[in-house]
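This is structure37.txt. It holds compact mmCIF, C-alpha atoms.
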# COMPACT_ATOMS: atom_id res chain seq x y z
CA MET A 1068 18.11 18.48 3.23
CA ALA A 1069 16.74 22.04 3.42
CA LYS A 1070 19.76 23.79 1.87
CA HIS A 1071 19.74 21.32 -1.03
CA SER A 1072 15.96 21.31 -1.53
CA GLY A 1073 16.18 22.82 -5.03
CA LEU A 1074 18.65 20.16 -6.16
CA VAL A 1075 16.57 17.39 -4.59
CA LEU A 1076 13.40 18.52 -6.34
CA GLU A 1077 15.19 18.75 -9.68
CA LEU A 1078 16.59 15.23 -9.29
CA VAL A 1079 13.17 13.91 -8.20
CA LYS A 1080 11.58 15.37 -11.34
CA ARG A 1081 14.30 13.82 -13.47
CA GLU A 1082 13.97 10.46 -11.72
CA PHE A 1083 10.17 10.40 -11.89
CA SER A 1084 9.87 11.46 -15.53
CA GLY A 1085 12.87 9.41 -16.63
CA ARG A 1086 11.25 6.20 -15.44
CA TYR A 1087 8.51 6.53 -18.06
CA ARG A 1088 10.37 8.45 -20.77
CA GLY A 1089 10.14 6.75 -24.14
CA SER A 1090 7.13 4.57 -23.30
CA SER A 1091 3.87 5.04 -25.20
CA ALA A 1092 1.74 5.25 -22.07
CA GLY A 1093 4.19 7.56 -20.28
CA ILE A 1094 3.21 8.49 -16.72
CA LEU A 1095 0.03 6.45 -17.13
CA TRP A 1096 2.18 3.45 -16.17
CA ALA A 1097 2.33 4.86 -12.64
CA PHE A 1098 -1.42 4.13 -12.43
CA LEU A 1099 -1.45 0.95 -14.51
CA GLN A 1100 1.24 -0.90 -12.56
CA PRO A 1101 -0.54 -0.92 -9.16
CA LEU A 1102 -3.80 -1.84 -10.88
CA PHE A 1103 -2.13 -4.74 -12.69
CA LEU A 1104 -0.53 -6.11 -9.51
CA LEU A 1105 -3.82 -5.73 -7.65
CA SER A 1106 -5.63 -7.67 -10.39
CA VAL A 1107 -3.08 -10.50 -10.33
CA TYR A 1108 -3.09 -10.87 -6.54
CA THR A 1109 -6.87 -10.61 -6.35
CA LEU A 1110 -7.28 -13.28 -9.04
CA ALA A 1111 -4.78 -15.60 -7.36
CA PHE A 1112 -5.86 -15.19 -3.74
CA GLY A 1113 -9.42 -13.87 -3.92
CA VAL A 1114 -10.83 -15.85 -6.88
CA ILE A 1115 -8.71 -18.99 -7.35
CA LEU A 1116 -7.81 -19.67 -3.72
CA GLN A 1117 -11.06 -18.11 -2.43
CA THR A 1118 -9.20 -16.25 0.30
CA ARG A 1119 -11.33 -13.99 2.50
CA TRP A 1120 -10.15 -11.41 5.00
CA GLY A 1121 -10.48 -13.04 8.39
CA GLY A 1122 -12.52 -15.81 6.74
CA MET A 1123 -15.36 -13.48 5.70
CA GLY A 1124 -16.26 -10.66 3.34
CA SER A 1125 -16.38 -10.40 -0.44
CA THR A 1126 -13.68 -10.59 -3.11
CA ALA A 1127 -13.93 -6.82 -3.55
CA GLU A 1128 -13.30 -6.19 0.16
CA PHE A 1129 -10.33 -8.55 0.07
CA ALA A 1130 -8.95 -6.70 -2.98
CA PHE A 1131 -9.12 -3.29 -1.30
CA LEU A 1132 -7.62 -4.57 1.96
CA LEU A 1133 -4.85 -6.22 -0.05
CA PHE A 1134 -4.22 -3.09 -2.10
CA SER A 1135 -3.98 -0.82 0.95
CA GLY A 1136 -1.32 -3.05 2.47
CA LEU A 1137 0.62 -3.25 -0.79
CA ILE A 1138 0.89 0.54 -1.01
CA VAL A 1139 3.04 0.64 2.13
CA PHE A 1140 4.90 -2.56 1.39
CA ASN A 1141 5.78 -1.61 -2.19
CA ALA A 1142 7.25 1.71 -1.02
CA PHE A 1143 9.47 -0.11 1.47
CA SER A 1144 10.36 -2.91 -0.94
CA GLU A 1145 11.40 -0.54 -3.74
CA CYS A 1146 13.71 1.40 -1.42
CA LEU A 1147 15.10 -1.83 0.01
CA GLN A 1148 16.05 -3.14 -3.43
CA ARG A 1149 17.22 0.16 -4.94
CA ALA A 1150 19.23 1.47 -1.97
CA PRO A 1151 22.35 -0.75 -2.34
CA ASN A 1152 22.89 0.61 -5.84
CA LEU A 1153 22.31 4.31 -5.08
CA VAL A 1154 25.95 5.33 -4.86
CA LEU A 1155 27.23 2.67 -7.27
CA ALA A 1156 24.90 3.96 -9.99
CA HIS A 1157 26.28 7.51 -9.71
CA PRO A 1158 30.10 7.26 -9.83
CA ASN A 1159 30.26 10.70 -11.47
CA PHE A 1160 28.60 12.22 -8.37
CA VAL A 1161 31.08 10.47 -6.08
CA LYS A 1162 34.02 12.08 -7.84
CA LYS A 1163 32.51 15.54 -7.47
CA ILE A 1164 33.63 16.67 -4.03
CA VAL A 1165 30.98 19.40 -3.87
CA PHE A 1166 28.05 17.04 -4.59
CA PRO A 1167 26.14 16.05 -1.41
CA LEU A 1168 25.77 12.28 -1.87
CA GLU A 1169 23.40 11.96 1.07
CA ILE A 1170 20.59 13.60 -0.91
CA LEU A 1171 20.40 10.56 -3.21
CA SER A 1172 18.49 8.75 -0.47
CA TRP A 1173 16.02 11.66 -0.25
CA VAL A 1174 15.53 11.62 -4.03
CA MET A 1175 14.77 7.90 -3.95
CA THR A 1176 12.41 8.22 -0.98
CA ILE A 1177 10.43 11.15 -2.37
CA THR A 1178 10.05 9.40 -5.73
CA VAL A 1179 8.80 6.24 -4.02
CA LEU A 1180 6.36 8.23 -1.87
CA LEU A 1181 4.99 9.95 -4.99
CA HIS A 1182 4.15 6.50 -6.35
CA ALA A 1183 2.56 5.62 -3.01
CA LEU A 1184 0.38 8.73 -3.29
CA ILE A 1185 -0.63 7.73 -6.82
CA GLY A 1186 -1.46 4.24 -5.58
CA THR A 1187 -3.57 5.72 -2.79
CA GLY A 1188 -5.38 7.90 -5.31
CA VAL A 1189 -6.17 4.81 -7.41
CA TRP A 1190 -7.38 3.05 -4.25
CA LEU A 1191 -9.66 5.96 -3.34
CA LEU A 1192 -11.14 6.12 -6.83
CA GLY A 1193 -11.90 2.40 -6.76
CA TYR A 1194 -13.35 2.62 -3.26
CA LEU A 1195 -15.59 5.47 -4.37
CA LEU A 1196 -16.90 3.38 -7.27
CA PHE A 1197 -17.51 0.21 -5.22
CA PHE A 1198 -18.46 1.44 -1.75
CA GLY A 1199 -19.09 5.19 -1.92
CA PHE A 1200 -17.36 7.95 0.01
CA PRO A 1201 -14.70 6.82 2.52
CA GLY A 1202 -14.82 7.84 6.17
CA PRO A 1203 -13.26 11.00 7.63
CA THR A 1204 -10.26 9.00 8.89
CA ILE A 1205 -8.96 8.99 5.33
CA VAL A 1206 -7.35 12.40 5.98
CA CYS A 1207 -4.85 10.71 8.31
CA PHE A 1208 -3.10 8.55 5.71
CA PRO A 1209 -0.30 11.16 5.21
CA LEU A 1210 0.64 10.65 8.88
CA ILE A 1211 1.46 7.00 8.21
CA LEU A 1212 3.58 7.95 5.21
CA ALA A 1213 5.29 10.62 7.32
CA ALA A 1214 6.23 7.98 9.92
CA LEU A 1215 7.54 5.75 7.13
CA THR A 1216 9.69 8.47 5.54
CA PRO A 1217 12.68 8.51 7.96
CA LEU A 1218 12.78 4.70 7.84
CA LEU A 1219 13.10 4.79 4.04
CA VAL A 1220 15.68 7.60 4.06
CA GLY A 1221 17.73 5.88 6.75
CA MET A 1222 17.57 2.59 4.89
CA GLY A 1223 18.82 4.40 1.79
CA TRP A 1224 21.84 5.78 3.64
CA LEU A 1225 22.65 2.50 5.37
CA LEU A 1226 22.29 0.16 2.40
CA SER A 1227 23.87 2.52 -0.15
CA ALA A 1228 26.98 2.75 2.04
CA PHE A 1229 27.11 -1.02 2.57
CA GLY A 1230 26.40 -1.52 -1.13
CA VAL A 1231 29.72 0.11 -2.00
CA VAL A 1232 31.67 -1.87 0.57
CA LEU A 1233 29.90 -5.22 0.10
CA ARG A 1234 28.49 -5.74 -3.42
CA ASP A 1235 26.67 -8.97 -2.48
CA ILE A 1236 24.17 -6.98 -0.43
CA ARG A 1237 22.23 -6.24 -3.63
CA GLN A 1238 21.43 -9.93 -3.96
CA ALA A 1239 20.46 -10.26 -0.31
CA THR A 1240 17.98 -7.39 -0.34
CA GLY A 1241 15.96 -9.09 -3.09
CA LEU A 1242 15.62 -12.19 -0.93
CA VAL A 1243 14.69 -10.12 2.11
CA SER A 1244 12.02 -8.27 0.13
CA HIS A 1245 10.35 -11.49 -1.04
CA THR A 1246 10.50 -12.92 2.47
CA LEU A 1247 8.94 -9.81 4.02
CA LEU A 1248 6.09 -9.94 1.51
CA PHE A 1249 4.79 -13.06 3.26
CA LEU A 1250 5.89 -12.12 6.78
CA THR A 1251 3.88 -8.90 6.61
CA PRO A 1252 0.07 -9.12 6.94
CA ILE A 1253 -0.59 -8.21 3.31
CA PHE A 1254 -2.57 -11.23 2.12
CA TYR A 1255 -4.00 -12.10 5.51
CA SER A 1256 -5.02 -10.49 8.77
CA ILE A 1257 -2.87 -10.85 11.87
CA GLU A 1258 -5.79 -12.46 13.67
CA SER A 1259 -5.89 -15.29 11.11
CA ALA A 1260 -2.24 -16.20 11.75
CA PRO A 1261 -1.41 -18.81 14.43
CA LYS A 1262 -1.19 -17.15 17.84
CA THR A 1263 2.34 -18.43 18.30
CA LEU A 1264 3.44 -16.52 15.18
CA GLN A 1265 1.60 -13.27 15.84
CA PRO A 1266 4.37 -11.80 18.07
CA LEU A 1267 6.85 -12.52 15.26
CA LEU A 1268 4.67 -10.61 12.80
CA TRP A 1269 4.57 -7.60 15.11
CA ILE A 1270 8.39 -7.53 15.25
CA ASN A 1271 8.32 -6.78 11.53
CA PRO A 1272 8.72 -2.97 11.26
CA LEU A 1273 6.21 -2.88 8.40
CA THR A 1274 3.35 -4.57 10.25
CA PHE A 1275 2.36 -1.59 12.35
CA LEU A 1276 2.27 0.85 9.42
CA VAL A 1277 0.42 -1.60 7.14
CA GLU A 1278 -2.23 -2.09 9.83
CA GLN A 1279 -2.52 1.66 10.41
CA TYR A 1280 -2.84 2.40 6.70
CA ARG A 1281 -5.50 -0.25 6.34
CA SER A 1282 -7.38 1.06 9.38
CA VAL A 1283 -7.64 4.67 8.23
CA LEU A 1284 -8.44 3.79 4.61
CA PHE A 1285 -10.81 0.86 4.88
CA HIS A 1286 -11.88 0.30 8.49
CA HIS A 1287 -12.63 4.00 9.15
CA LYS A 1288 -10.64 3.95 12.39
CA TRP A 1289 -8.49 6.80 13.63
CA PRO A 1290 -4.80 5.90 13.75
CA ASP A 1291 -2.87 5.08 16.88
CA PHE A 1292 -1.44 8.59 17.31
CA PRO A 1293 0.91 7.76 20.25
CA GLY A 1294 2.09 4.67 18.39
CA LEU A 1295 2.80 6.67 15.24
CA LEU A 1296 4.71 9.25 17.27
CA LEU A 1297 6.89 6.57 18.89
CA TYR A 1298 7.40 4.86 15.55
CA GLY A 1299 8.41 8.13 13.91
CA MET A 1300 10.87 8.92 16.71
CA ALA A 1301 12.43 5.45 16.46
CA ALA A 1302 12.66 5.80 12.66
CA GLN A 1303 14.36 9.20 13.03
CA ALA A 1304 16.87 7.74 15.48
CA PHE A 1305 17.60 4.96 12.98
CA ALA A 1306 18.01 7.51 10.17
CA PHE A 1307 20.38 9.62 12.31
CA LEU A 1308 22.63 6.62 13.01
CA ALA A 1309 22.49 5.53 9.38
CA LEU A 1310 23.57 9.00 8.22
CA ARG A 1311 26.48 9.00 10.64
CA LEU A 1312 27.64 5.65 9.25
CA PHE A 1313 27.16 6.87 5.68
CA ARG A 1314 29.32 9.95 6.30
CA LYS A 1315 31.95 7.86 8.04
CA LEU A 1316 32.30 5.53 5.04
CA GLN A 1317 31.83 8.22 2.37
CA PRO A 1318 35.53 9.27 2.11
CA GLY A 1319 36.40 5.77 0.87
CA PHE A 1320 33.69 5.53 -1.79
CA ALA A 1321 35.84 6.89 -4.63
CA ASP A 1322 38.55 4.27 -4.01
CA MET A 1323 36.03 1.41 -3.95
CA LEU A 1324 34.22 2.30 -7.18

Starting from the file, lay out its structure as structure tokens.
Amino acid sequence: MAKHSGLVLELVKREFSGRYRGSSAGILWAFLQPLFLLSVYTLAFGVILQTRWGGMGSTAEFAFLLFSGLIVFNAFSECLQRAPNLVLAHPNFVKKIVFPLEILSWVMTITVLLHALIGTGVWLLGYLLFFGFPGPTIVCFPLILAALTPLLVGMGWLLSAFGVVLRDIRQATGLVSHTLLFLTPIFYSIESAPKTLQPLLWINPLTFLVEQYRSVLFHHKWPDFPGLLLYGMAAQAFAFLALRLFRKLQPGFADML
């Protein structure tokens, strides 16, 4: 991506600003959307259903634990649902031989991570108001996002290539996203799940990062550094294979559009 960094940054700026162009609130929606979702989930699970994290704690604690997990999940979910349409939405780029199509996945990922950073900023502001200053482990949250990055980029390459070949994949990713929302410990702790299902939850590639994000933000625990390193290496291997597949299928994109 280094030799196309200028182009990537320009497309990210266009993507980020274009999302809110024409709306009265503008970029303020980037802050309002996570707050709205947090309010809805907290009302449904924390107030109406009286859900408590691990069976204890207050509604406020549940809300912040829920929000921290949603930051990671929403980044993954947005890439999962947008990726199949990445190439299909830019047929003019496909027909330009000199345009590096692989950077579209980077543009999507960086834009999504910017929203994750905004969500984290909103979380920190709320935590400061309710509980005071967070612990020193808060400085480690970029490491979790760094481990997530190659997974998102690789998913973009893989699904955007398959999205051209198999159009139905756009429908399937929506179903997968909704399924993962409840198979990832977002609304509940792993410990509260039946022991027979806990190994299944750990197979989910999001579980580890959600737990790490929650640990450094709320539980004031240092992250599992060796685990993050292994996760990042596995994600990079996945991204490498996804890029190879993308480049292998790329010559046929123009004929399939």

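Checking A:Leu1171, A:Cys1146, A:Ile1115, A:Met1323 one by one against A:Arg1234, counting all atoms listed in the file, you find the shortest gap at A:Met1323.
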
Item to check | Residue contacts of A:Pro1290 (8 Å, all atoms listed in the file) excluding same-chain residues fewer than 6 positions away, as a PyMOL selection string | outcome: chain A and resi 1204+1207+1279+1282-1283

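Interatomic distance, atom CA of A:Leu1076 against atom CA of A:Ala1301: 26.3 Å.
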
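If you look at atom CA of A:Leu1218 and atom CA of A:Ala1302, they are 4.9 Å away from each other.
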
Next on the checklist: List the spatial neighbours of A:Leu1212 as a ChimeraX atom specification - criterion: any atom at most 10 Å away, only C-alpha atoms, same-chain residues fewer than 3 positions off excluded.
Outcome noted: /A:1139,1142,1180,1183-1184,1207-1209,1215-1217,1276,1280,1299

Next, the residues of the selection above should be written as a PDB file, in the coordinates of the input with C-alpha atoms.
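Result file follows (part20.pdb):
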ATOM      1  CA  VAL A1139       3.040   0.640   2.130  1.00  0.00           C
ATOM      2  CA  ALA A1142       7.250   1.710  -1.020  1.00  0.00           C
ATOM      3  CA  LEU A1180       6.360   8.230  -1.870  1.00  0.00           C
ATOM      4  CA  ALA A1183       2.560   5.620  -3.010  1.00  0.00           C
ATOM      5  CA  LEU A1184       0.380   8.730  -3.290  1.00  0.00           C
ATOM      6  CA  CYS A1207      -4.850  10.710   8.310  1.00  0.00           C
ATOM      7  CA  PHE A1208      -3.100   8.550   5.710  1.00  0.00           C
ATOM      8  CA  PRO A1209      -0.300  11.160   5.210  1.00  0.00           C
ATOM      9  CA  LEU A1215       7.540   5.750   7.130  1.00  0.00           C
ATOM     10  CA  THR A1216       9.690   8.470   5.540  1.00  0.00           C
ATOM     11  CA  PRO A1217      12.680   8.510   7.960  1.00  0.00           C
ATOM     12  CA  LEU A1276       2.270   0.850   9.420  1.00  0.00           C
ATOM     13  CA  TYR A1280      -2.840   2.400   6.700  1.00  0.00           C
ATOM     14  CA  GLY A1299       8.410   8.130  13.910  1.00  0.00           C
TER      15      GLY A1299
END

Item to check | Selection: 8 Å around A:Phe1285, only C-alpha atoms, excl. self and same-chain fewer than 3 positions, as a ChimeraX atom specification | outcome: /A:1131-1132,1201,1281-1282

Residues as selected, C-alpha atoms, written as a compact mmCIF listing (two decimals), keeping the file's coordinate frame, can you do that?
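Writing done, so here's out35.txt:
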# COMPACT_ATOMS: atom_id res chain seq x y z
CA PHE A 1131 -9.12 -3.29 -1.30
CA LEU A 1132 -7.62 -4.57 1.96
CA PRO A 1201 -14.70 6.82 2.52
CA ARG A 1281 -5.50 -0.25 6.34
CA SER A 1282 -7.38 1.06 9.38

Item to check | Close residues, A:Phe1083 itself excluded, 12 Å, all atoms listed in the file, min 6 positions apart in chain, as an MDAnalysis selection string | outcome: chainID A and resid 1075:1077 1093:1094 1096:1097 1174:1182

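For the pair atom CA of A:Gly1188 and atom CA of A:Thr1126, the separation is 20.4 Å.
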
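With only C-alpha atoms as the atoms that count, the residue of A:Leu1310, A:Leu1267, A:Leu1273, A:Leu1102 with the shortest distance to A:Thr1251 is A:Leu1273.
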
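Taking only C-alpha atoms into account, A:Leu1316 lies nearest to A:Val1154 out of the set A:Leu1192, A:Leu1248, A:Val1154, A:Ala1239.
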
Checklist entry - Do you know which residues are at most 7 Å from A:Gly1186 counting all atoms listed in the file, after dropping those on the same chain fewer than 3 positions away, and could you put them as a PyMOL selection string? => result chain A and resi 1098+1101+1138+1182-1183+1189-1190

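Comparing the minimum interatomic distances between A:Ala1127 and each of A:Asn1159, A:Leu1233, A:Tyr1194, A:Phe1200, counting only C-alpha atoms, we find that A:Tyr1194 sits nearest.
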